[in-house]
Every structure is written in structure tokens, then in C-alpha cells.
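Q: Dropping the structure in here first, questions after.
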Amino acid sequence: MDPIIGVAKKDVKTFFRERGTVFWTIAFPVLMLLLFTAIFGREIPFTANIGIVNDDKTTPIPIAANIISGLNETKVFNVKIFENKTEALEALNATSIRAVITIPENFAFNLTTGMPASVSLVVDETNPDTARLVRDGIRTFFAEFYREFNKNYTEPISVIEESSITQQRIGYKEYIVPGVLCYPLLFSSMVASTGAIVYERERGTLKKIRASPIRPLNMLFGKTLAALFQTTISILIIAVLAVFLLGPKVNWNIPLLVPIVFLGSMNGIAIGLLISCIGRSPQEASGAATTIGIVLQFFIGMYFPLEYLPEYLQQVGRAIPMTYAAQAVRDIMIRNAMLSDILQPMVVLIISAIILYAVGVLLYKRWVEKE
Amino acid sequence: MGEKRIIEVEGLVKHYGEVTALDGVSFSVEEGEIFGLLGPNGAGKTTLMEILCGLRRFNEGKATILGFDLVKDSRKVRGMIGFCPQETLLYDLLSVLENLAFSASLYSLNRKKFKERVDFSSKVLGVGEFLNRKVQQLSGGMKRRANLAASIIHDPPIVILDEPTVGFDPNIKREFWELIKTLKNHGKTVLLSTHDMYEADELCNRVAIMDKGKIVALDKPHVLKKTIGGEASIHIKVKDTQTKKALKPLDKYSHILRDNEIQIFVTNPWEIMPEVSNKLISQGILTEKIEIVEPTLEDVFIKLTGRKLTEE
Ligand SMILES: Nc1ncnc2c1ncn2[C@@H]1O[C@H](COP(=O)(O)OP(=O)(O)O)[C@@H](O)[C@H]1O
Ligand SMILES: [Mg+2]
């Protein structure tokens, strides 16, 4: 038998015989997902008042009326109609509305004759989060509206079916699911691999392994394979539960997600192995891994974008390989990224994995002898 | 026994910080022999063995295994040695067979060879009856057998055993000695360490006596006993209250009193013994014990170092 497979098989068998370990490996992602479902799974009760000023009085078809009823149908916006822009902007300043949309003269004419048609938008910036949601919502609405209009411009236009999409687009759930999916890259992978070497050393079984001709890199790969197995269990549980419990409107591009998640896991596992080589006892190593995991979760953009962090902390985030994996996963799932978009993070992940394993071999050879 | 040198060690020095664990150790082990390292705790036996198994680096010296350099050909050398350390290195949650399979995988054994070796382990090492039991359910003796089976699963020409019977009760110890002899009969060269003089005497073709990182004597056990341990002596034990009285008639022999035993050193103890016995009887002294004691390797060690092998 190949030594890599031998090491992995032994670890996986041991894993299955430690009932507690199996239990927590499953319980962790389940609990995470239940918690996230409880927090983000409900309909987000975000609504905003917005104002509309209709300057296009020559409309042959009821476009303005369609826009207004369409916006109302989203249930995100309550539309108030204003006679002129000045009145509307006053209301905006008084924060009784969050945005003002102005439909200019000849809007319907331009639209129906294929000329550039635009509406103007003013957003209340006093609360950046609300502003972002409102802006995104309105943009998305018009994009959908226009697409619908172009397809079928002789009929009265309706956006009723599209309203739910508009509403979902601004949900936090779609942001959080890729983040939760990346949770195992930090926790499961590191937890699974942190014990790998330090435990064998404490039990003394590392002597048996080191006295054999197995190459250090193969030993690390065997350990990696077993940890990868555990990480995969966590990720699959999260993915399946996410689909059933949260049902986010995201792009499950499996052929792109698998290699990215795989590379991300390899990096997490490699970091765990480094800790495992240095740690003097399993307790010390798992303490280190837990601390690092908890700290890193803020850097890898799991709950909120990296850009929210102060600049110097963003730099720290960019130095962590898993950040690239989490970002790429999010890009694939909510921005429909293609292979060409994620090539760069892939290269970063491959290079960092190579470096981490090289350091791992060095530590394994040099450090482990000191007992 | 062949004349081929299987293990050759020259001037090995190993420091752990301030401590010098090995202080210029040289010896060689010949093909097919059982070679013993006898010495008290801290003598450097484990350090020496772990160096030979590639587990530790060393500061000075040179060692070759079957002609291969320990450092340069370390991977090759590892494949030729089966190392059985002091502790039991098995995975408690796995069965014996699974443990053997894991060990075999470390040496890239193929399926056929593995099957052969499991057969050998079952028949010769006696792990057959508990092959499918989890290690955590095994008795101490079973664990040690399984441990030995796992360390030599790859059929290495050299077997290194670090204190193989320490902590065993006498019956299991005997069983294990038989096992080690069986290995020798299967053509293995065995290097073992012990601080049990009987074990060294019983098992080893040659013994190196180690103390404080040095080999202080090296030869066949009977030669060591004869040349260093000295002649046999007469040991007499009488009732405690009569010890003083008993010493009087024995004055003419060179003797000492140790542990309430009178020990008489003469060149021809077998001839002198009846005479001594009669003398004591004529004085009305009851002897509880009178016997001729051959020197042991312990005596050799005491002669060489002035200390006992095991501190009581
Ligand atoms: N890892 C270590 N670090 C520091 N000193 C050690 C270490 N291992 C052994 N020693 C010291 O080296 C000496 C030889 O120890 P060891 O080889 O275990 O002897 P033995 O096996 O004959 O009992 C002892 O003084 C011991 O304290
Ligand atoms: Mg020892």
C-alpha cells in the first residue's frame, strides 16, 4: 500500500472510532447553519419610502404607472408621487423618503424608439447601509424592468413576477451563505490537522513513523488527505443544509467551487499541520488553532467585506490565503464569476500551499526531533 | 553465525545541551547474533538505539548499517531496521490487523508480502488469536507481541529492541525471551538493550556494558563474568544472632559480610565448601543457606563502576 494512503486510511479509521469527534464534526456545521438560518433565513423586513417625480407627460403607454406599481410590488419600496423635484428633495432632506427618482421628459418615447433612456436618482446618504440597499434595489429594479420592456414592448409592461428577485437581491442571506460555506476552510480543516502530528508525538507513535522510510512530505500528504475528508464532510453538510434551510438565490457553480474550496482547505490544513509540528502538546496546539481560527474569521471576509476593515487590517487579510478562497467562492456564488475571474486567487492559493508544505516539511524534519 | 558486520559504530558522540549522553561509543554487531547493551538507567542505551534508527542526530562519529551510511543513506537504512521502542506504539482504537496494515503501508509492502507477514506474525509471534481485536482490549502481554509484530512487519534483517521486557512479570518475560531467540533462528540480527543482567546473560551472544555514555566492557557474557566478575564464591547465611560467632572459624578465608550474608572468596569453592560446612556444624551453628554463587553480569558491572545496575 502506498504510505500516503496508509497514513490517511489509518487516520480516517481512527476518526470514525472516536464517536465524540464524529459527533462534533457533524454537529458543528449543523449548528452553524441552524444559527444562520435563524438569524438570516427569515424575510428581511427592510422597506424604504421613495419618491417619484414624473416629468414625462406625453407617455403613449402607461410606463410611469407601470414603474410605480412595479416598485410598489417589490414590497421593499413605498412609492410617493411628487409634483416636482423640489418638493421631493425637501422630503428627502427631511428623511421622510430615502431616494428620489425622476422620470425625465421623453423617457417613454426614447425607450420605445430604442434611444438611450435614463432616470435620475438621488439617494439619502445619511445612513450608508440603507443607502446601499436602496441604491442596489433601485438599480436592480430598473435593470429587470428594462429587460422585460425590451422583450415585449408592444404590450403594457408589468414587472410583477420579477419583484421577488428584486427583493432577494438585497438580502444578506446571499452574502452570508458563501461565507458560511468557507467556515470549514478555517475551522474544520485546522481542527482536523492540528492534532495530526502532535497527537502522534504525544502517544509516541510518531517514533514508529519517523523510524520508517516514509518521506516527510508523504507523511504530511497522508495527514492532509484524512483532514480533507473531515473538511469535506463539514462543507457538504453546510452546503446541503444551506440549500434546504436558507435556499439562497446563488450560483452553485460546482466545477469552479470544488477546486477553489479544495485549494482553500489545503491551505487551512497546511496551517494546522504547521501548528501541529510546533505544538508541544495537543492542548497547546488546539489552543493555538482555535485562537488563530477565531481571529482569522474576521480577516477572510466571511461576515462582511474586507473593505470594511481599516486599511492596515485589510493588508493582514490579504496575507491570509483563505481570504482569497472565501472571496473567490463569493464571487462565484453571487457575482457569477467565471474561470478567468478566479484564476488569480487560484494561483495565489497554489503558491501559498506550496510554501506552507515546504515549511511543514522543514519543521517536521527539524523540530520534531526535539522531544 | 556469520562474520559479516551488520552494524558498525565508530566514536559516536551525542550531547543534549549540557548532558553528554554518548561519549565516543564504538562497537560492531555481527550477522545473526543477539547483541546486548547492558547498563543502568541513563547510560545512553535509548539514545544510541534511536540514533541507529534515524530518530536522532548525533554530534560526532560515524555509523553504518549493512555498509550503508546512517546519514547519507538514511531512507535505505530505515528499511533494514525494525525498531521496537520501550513504549507500545499501537493505535488503541484500531485492531491488531489494522495496526499491522498501517505499519506495512509505511514500508510500502505489497498485498502478497503483507499476507505472508501476517501469517508469520500469527504463527511465530502468536498474535493470531487476537488479530481482529482492538488494541485497547488486549492484555499487556498481547500488546507487546502485537507491538513486536508491527515493528518487524517489513521483515527487516536487523531488529532493534529497547528494553523489550521491562515491566513484564517473569512468565511473560520468559515467553518473550523465547520469541527473541526465535527471531535469531529466523536469521535476524538482534540489538537489544536491558538493565536486567539475567536477560543479557540468557539471551545475548555478546554484551556491551554501558555506563555514562561509554562502553566499559564488551564480550561474550561468560567471558565477561570470568575475566571481570571473578571466581565463584561461597555464600553462607546463618541465624542473625549467630553471625558474629560464625565468622570466627571462617577467619582464615578471605571473606566479606554483605546483607547479613558471609561471602567467602577462594579459588576452589567446590573443594572448600564441605570443610566450611563442617566447621560451622562443629561450632553448633545452624546454617540457613550455604551455596556456591557464580559471578553475574551485575558483579561485572559493580567491579567496573563501583555501582549497582539497578538502584533499589
Ligand atoms: N530528549 C532528551 N533531552 C535531554 N536529555 C536527554 C534526552 N533524552 C535522554 N537524555 C539524557 O541522556 C542520558 C541518556 O539517556 P537514555 O539514552 O535515555 O539512557 P538509557 O536508555 O540508557 O536509560 C540521560 O542522562 C538522559 O537524562
Ligand atoms: Mg532507555
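Chain identifiers are assigned as A, B, and so on, following the order in which chains appear in the C-alpha cells; residues are numbered from 1 within each chain, and ligands are numbered from 1 in order of appearance.
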Residues within 8 Å of ligand 1 (only C-alpha atoms and all ligand atoms), as number ranges by chain?
A: A: 370-371; B: 15-17, 19-22, 39-48, 162, 193, 210, 212-213
Q: Set the cut-off to 8 Å and count only C-alpha atoms: what are the residues of chain B that reach chain A? Output as JSON, numbers by chain.
A: {"B": [53, 54, 55, 56, 75, 76, 78, 79, 83, 87, 89, 90, 91, 93, 94, 98, 101, 102, 104, 105, 106, 107, 108, 109, 110, 111, 151]}
Q: May I have the residues within 6 Å of region 98-115 of chain A as a ChimeraX atom specification, using only C-alpha atoms and disregarding those fewer than 2 positions away in the same chain?
A: /A:49-56,59,117,119-124
Q: Can you write out the residues you just picked, keeping all heavy atoms, as an mmCIF file, in the first residue's frame?
A:
```cif
data_model
loop_
_atom_site.group_PDB
_atom_site.id
_atom_site.type_symbol
_atom_site.label_atom_id
_atom_site.label_comp_id
_atom_site.auth_asym_id
_atom_site.auth_seq_id
_atom_site.Cartn_x
_atom_site.Cartn_y
_atom_site.Cartn_z
ATOM 1 N N ASN A 49 -39.285 54.236 2.013
ATOM 2 C CA ASN A 49 -40.136 55.144 1.237
ATOM 3 C C ASN A 49 -39.268 55.812 0.183
ATOM 4 O O ASN A 49 -38.158 56.270 0.494
ATOM 5 C CB ASN A 49 -40.727 56.229 2.139
ATOM 6 C CG ASN A 49 -41.660 55.612 3.180
ATOM 7 O OD1 ASN A 49 -42.277 54.573 2.936
ATOM 8 N ND2 ASN A 49 -41.739 56.255 4.343
ATOM 9 N N ILE A 50 -39.770 55.844 -1.049
ATOM 10 C CA ILE A 50 -39.037 56.601 -2.067
ATOM 11 C C ILE A 50 -40.022 57.502 -2.819
ATOM 12 O O ILE A 50 -41.226 57.230 -2.836
ATOM 13 C CB ILE A 50 -38.295 55.678 -3.075
ATOM 14 C CG1 ILE A 50 -39.277 54.720 -3.768
ATOM 15 C CG2 ILE A 50 -37.199 54.902 -2.377
ATOM 16 C CD1 ILE A 50 -38.635 53.962 -4.906
ATOM 17 N N GLY A 51 -39.493 58.547 -3.379
ATOM 18 C CA GLY A 51 -40.339 59.479 -4.107
ATOM 19 C C GLY A 51 -40.115 59.375 -5.605
ATOM 20 O O GLY A 51 -39.005 59.052 -6.054
ATOM 21 N N ILE A 52 -41.195 59.608 -6.376
ATOM 22 C CA ILE A 52 -41.054 59.620 -7.831
ATOM 23 C C ILE A 52 -41.600 60.936 -8.373
ATOM 24 O O ILE A 52 -42.656 61.412 -7.941
ATOM 25 C CB ILE A 52 -41.792 58.421 -8.466
ATOM 26 C CG1 ILE A 52 -40.933 57.157 -8.295
ATOM 27 C CG2 ILE A 52 -42.108 58.693 -9.930
ATOM 28 C CD1 ILE A 52 -41.271 56.064 -9.261
ATOM 29 N N VAL A 53 -40.836 61.514 -9.273
ATOM 30 C CA VAL A 53 -41.304 62.718 -9.969
ATOM 31 C C VAL A 53 -41.428 62.351 -11.437
ATOM 32 O O VAL A 53 -40.452 61.894 -12.032
ATOM 33 C CB VAL A 53 -40.293 63.867 -9.809
ATOM 34 C CG1 VAL A 53 -40.825 65.125 -10.495
ATOM 35 C CG2 VAL A 53 -40.007 64.117 -8.335
ATOM 36 N N ASN A 54 -42.617 62.507 -11.987
ATOM 37 C CA ASN A 54 -42.816 62.125 -13.382
ATOM 38 C C ASN A 54 -42.873 63.370 -14.268
ATOM 39 O O ASN A 54 -43.850 64.096 -14.286
ATOM 40 C CB ASN A 54 -44.100 61.309 -13.511
ATOM 41 C CG ASN A 54 -44.280 60.793 -14.929
ATOM 42 O OD1 ASN A 54 -43.359 60.905 -15.751
ATOM 43 N ND2 ASN A 54 -45.434 60.244 -15.219
ATOM 44 N N ASP A 55 -41.782 63.645 -15.012
ATOM 45 C CA ASP A 55 -41.747 64.798 -15.920
ATOM 46 C C ASP A 55 -42.145 64.419 -17.337
ATOM 47 O O ASP A 55 -42.158 65.256 -18.227
ATOM 48 C CB ASP A 55 -40.332 65.415 -15.930
ATOM 49 C CG ASP A 55 -40.059 66.166 -14.636
ATOM 50 O OD1 ASP A 55 -41.051 66.487 -13.932
ATOM 51 O OD2 ASP A 55 -38.875 66.389 -14.316
ATOM 52 N N ASP A 56 -42.429 63.151 -17.560
ATOM 53 C CA ASP A 56 -42.772 62.690 -18.913
ATOM 54 C C ASP A 56 -44.288 62.653 -19.070
ATOM 55 O O ASP A 56 -44.936 61.656 -18.761
ATOM 56 C CB ASP A 56 -42.165 61.299 -19.130
ATOM 57 C CG ASP A 56 -42.272 60.864 -20.581
ATOM 58 O OD1 ASP A 56 -42.694 61.703 -21.404
ATOM 59 O OD2 ASP A 56 -41.929 59.707 -20.879
ATOM 60 N N THR A 59 -46.539 60.417 -22.393
ATOM 61 C CA THR A 59 -46.454 58.969 -22.499
ATOM 62 C C THR A 59 -47.641 58.350 -23.233
ATOM 63 O O THR A 59 -48.781 58.530 -22.822
ATOM 64 C CB THR A 59 -46.398 58.350 -21.091
ATOM 65 O OG1 THR A 59 -45.399 59.017 -20.366
ATOM 66 C CG2 THR A 59 -46.117 56.875 -21.163
ATOM 67 N N ALA A 117 -32.429 55.800 -22.797
ATOM 68 C CA ALA A 117 -33.400 56.321 -21.849
ATOM 69 C C ALA A 117 -32.831 56.212 -20.452
ATOM 70 O O ALA A 117 -32.195 55.218 -20.125
ATOM 71 C CB ALA A 117 -34.697 55.519 -21.939
ATOM 72 N N VAL A 119 -33.307 57.420 -16.077
ATOM 73 C CA VAL A 119 -33.993 58.119 -14.998
ATOM 74 C C VAL A 119 -32.908 58.677 -14.098
ATOM 75 O O VAL A 119 -31.798 58.163 -14.069
ATOM 76 C CB VAL A 119 -34.905 57.173 -14.195
ATOM 77 C CG1 VAL A 119 -36.043 56.659 -15.072
ATOM 78 C CG2 VAL A 119 -34.109 56.031 -13.599
ATOM 79 N N SER A 120 -33.204 59.727 -13.347
ATOM 80 C CA SER A 120 -32.184 60.235 -12.425
ATOM 81 C C SER A 120 -32.535 59.800 -11.010
ATOM 82 O O SER A 120 -33.701 59.572 -10.686
ATOM 83 C CB SER A 120 -32.074 61.754 -12.523
ATOM 84 O OG SER A 120 -33.117 62.350 -11.800
ATOM 85 N N LEU A 121 -31.508 59.637 -10.227
ATOM 86 C CA LEU A 121 -31.687 59.077 -8.885
ATOM 87 C C LEU A 121 -30.914 59.907 -7.870
ATOM 88 O O LEU A 121 -29.747 60.220 -8.074
ATOM 89 C CB LEU A 121 -31.177 57.632 -8.879
ATOM 90 C CG LEU A 121 -31.141 56.910 -7.541
ATOM 91 C CD1 LEU A 121 -32.548 56.668 -7.030
ATOM 92 C CD2 LEU A 121 -30.379 55.601 -7.667
ATOM 93 N N VAL A 122 -31.561 60.273 -6.773
ATOM 94 C CA VAL A 122 -30.865 60.921 -5.659
ATOM 95 C C VAL A 122 -31.122 60.080 -4.420
ATOM 96 O O VAL A 122 -32.267 59.746 -4.118
ATOM 97 C CB VAL A 122 -31.382 62.359 -5.429
ATOM 98 C CG1 VAL A 122 -30.579 63.036 -4.321
ATOM 99 C CG2 VAL A 122 -31.308 63.157 -6.719
ATOM 100 N N VAL A 123 -30.039 59.710 -3.747
ATOM 101 C CA VAL A 123 -30.186 58.827 -2.587
ATOM 102 C C VAL A 123 -29.784 59.562 -1.317
ATOM 103 O O VAL A 123 -28.828 60.332 -1.306
ATOM 104 C CB VAL A 123 -29.323 57.560 -2.765
ATOM 105 C CG1 VAL A 123 -29.444 56.650 -1.549
ATOM 106 C CG2 VAL A 123 -29.746 56.805 -4.017
ATOM 107 N N ASP A 124 -30.527 59.318 -0.264
ATOM 108 C CA ASP A 124 -30.190 59.866 1.061
ATOM 109 C C ASP A 124 -28.980 59.120 1.614
ATOM 110 O O ASP A 124 -29.027 57.908 1.838
ATOM 111 C CB ASP A 124 -31.406 59.679 1.978
ATOM 112 C CG ASP A 124 -31.053 59.940 3.444
ATOM 113 O OD1 ASP A 124 -30.092 60.683 3.691
ATOM 114 O OD2 ASP A 124 -31.741 59.381 4.315
#
```
Q: Please give the complete set of residues from region 128-327 of chain A that DSSP, run on the backbone, assigns to alpha helix (DSSP H), formatted as a VMD selection string.
A: chain A and resid 128 to 151 163 to 169 173 to 181 183 to 203 205 to 211 216 to 241 254 to 278 282 to 299 311 to 318 321 to 327
Q: Need the shell around Tyr253 (chain B): protein/DNA/RNA residues with any atom at most 8 Å away, counting only C-alpha atoms. Skip same-chain ones fewer than 4 positions apart. Format as JSON, numbers by chain?
A: {"B": [264, 265, 266]}
Q: Okay, now the selection with N, CA and C atoms, as a tab-separated table (two decimals), in the first residue's frame?
A:
```tsv
chain	number	residue	atom	x	y	z
B	264	ILE	N	32.54	-15.91	50.94
B	264	ILE	CA	33.93	-16.37	51.04
B	264	ILE	C	34.52	-16.50	49.64
B	265	PHE	N	35.64	-15.88	49.44
B	265	PHE	CA	36.28	-15.91	48.12
B	265	PHE	C	37.49	-16.83	48.16
B	266	VAL	N	37.42	-17.92	47.45
B	266	VAL	CA	38.56	-18.85	47.35
B	266	VAL	C	38.67	-19.29	45.91
```
Q: Name the residues in contact with Leu246 (chain A) at a cut-off of 8 Å, using only C-alpha atoms, excluding same-chain residues fewer than 3 positions from it; report them as a list in words.
A: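 The residues satisfying every condition are Thr37, Gly41, Lys173, Leu241, Ala242 and Val243 of chain A.
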Q: Hey, can you check how far CA of Ile215 (chain B) sits from CA of Gly167 (chain B)?
A: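 Calculated distance between CA of Ile215 (chain B) and CA of Gly167 (chain B) is 24.8 Å.
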Q: Just want the 9 Å neighbourhood of Ile285 (chain B), counted on only C-alpha atoms, with same-chain residues fewer than 6 positions away dropped. Output as a short mmCIF file (atom, residue, chain, number, x, y, z; two decimals) with all heavy atoms, in the first residue's frame.
A:
```cif
data_model
loop_
_atom_site.label_atom_id
_atom_site.label_comp_id
_atom_site.auth_asym_id
_atom_site.auth_seq_id
_atom_site.Cartn_x
_atom_site.Cartn_y
_atom_site.Cartn_z
N VAL B 238 23.44 -17.53 58.19
CA VAL B 238 23.11 -18.21 59.44
C VAL B 238 22.11 -17.33 60.18
O VAL B 238 21.82 -16.21 59.75
CB VAL B 238 24.37 -18.41 60.33
CG1 VAL B 238 25.37 -19.29 59.59
CG2 VAL B 238 24.98 -17.08 60.71
N LYS B 239 21.57 -17.87 61.28
CA LYS B 239 20.68 -17.05 62.12
C LYS B 239 21.37 -15.74 62.45
O LYS B 239 22.55 -15.70 62.78
CB LYS B 239 20.39 -17.80 63.44
CG LYS B 239 19.15 -18.65 63.39
CD LYS B 239 18.52 -18.61 64.78
CE LYS B 239 17.08 -19.05 64.76
NZ LYS B 239 16.92 -20.44 65.20
N GLN B 242 23.70 -15.41 65.29
CA GLN B 242 24.91 -16.24 65.31
C GLN B 242 25.96 -15.78 64.30
O GLN B 242 27.02 -16.38 64.22
CB GLN B 242 24.53 -17.69 65.01
CG GLN B 242 23.69 -18.31 66.13
CD GLN B 242 23.47 -19.78 65.90
OE1 GLN B 242 23.07 -20.18 64.81
NE2 GLN B 242 23.76 -20.59 66.92
N THR B 243 25.66 -14.72 63.58
CA THR B 243 26.56 -14.30 62.51
C THR B 243 27.98 -14.05 63.03
O THR B 243 28.97 -14.52 62.47
CB THR B 243 26.02 -13.04 61.83
OG1 THR B 243 24.68 -13.27 61.44
CG2 THR B 243 26.84 -12.68 60.60
N LYS B 245 29.42 -15.16 65.72
CA LYS B 245 30.03 -16.42 66.15
C LYS B 245 30.55 -17.21 64.95
O LYS B 245 31.60 -17.84 65.00
CB LYS B 245 28.97 -17.23 66.90
CG LYS B 245 29.50 -18.36 67.72
CD LYS B 245 28.34 -19.01 68.51
CE LYS B 245 28.76 -20.37 69.05
NZ LYS B 245 27.57 -21.20 69.37
N ALA B 246 29.78 -17.15 63.86
CA ALA B 246 30.13 -17.92 62.67
C ALA B 246 31.38 -17.39 61.99
O ALA B 246 32.12 -18.13 61.34
CB ALA B 246 28.96 -17.92 61.69
N LYS B 279 32.91 -27.09 59.68
CA LYS B 279 33.39 -26.18 60.72
C LYS B 279 32.23 -25.53 61.45
O LYS B 279 32.24 -25.41 62.67
CB LYS B 279 34.27 -25.09 60.10
CG LYS B 279 35.71 -25.54 59.95
CD LYS B 279 36.64 -24.37 59.79
CE LYS B 279 38.07 -24.85 59.99
NZ LYS B 279 38.98 -24.32 58.98
#
```
Q: For CA of Leu133 (chain A) and CA of Met302 (chain A), determine how far apart the two atoms are, in Å to one decimal place.
A: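 Calculated distance between CA of Leu133 (chain A) and CA of Met302 (chain A) is 19.2 Å.
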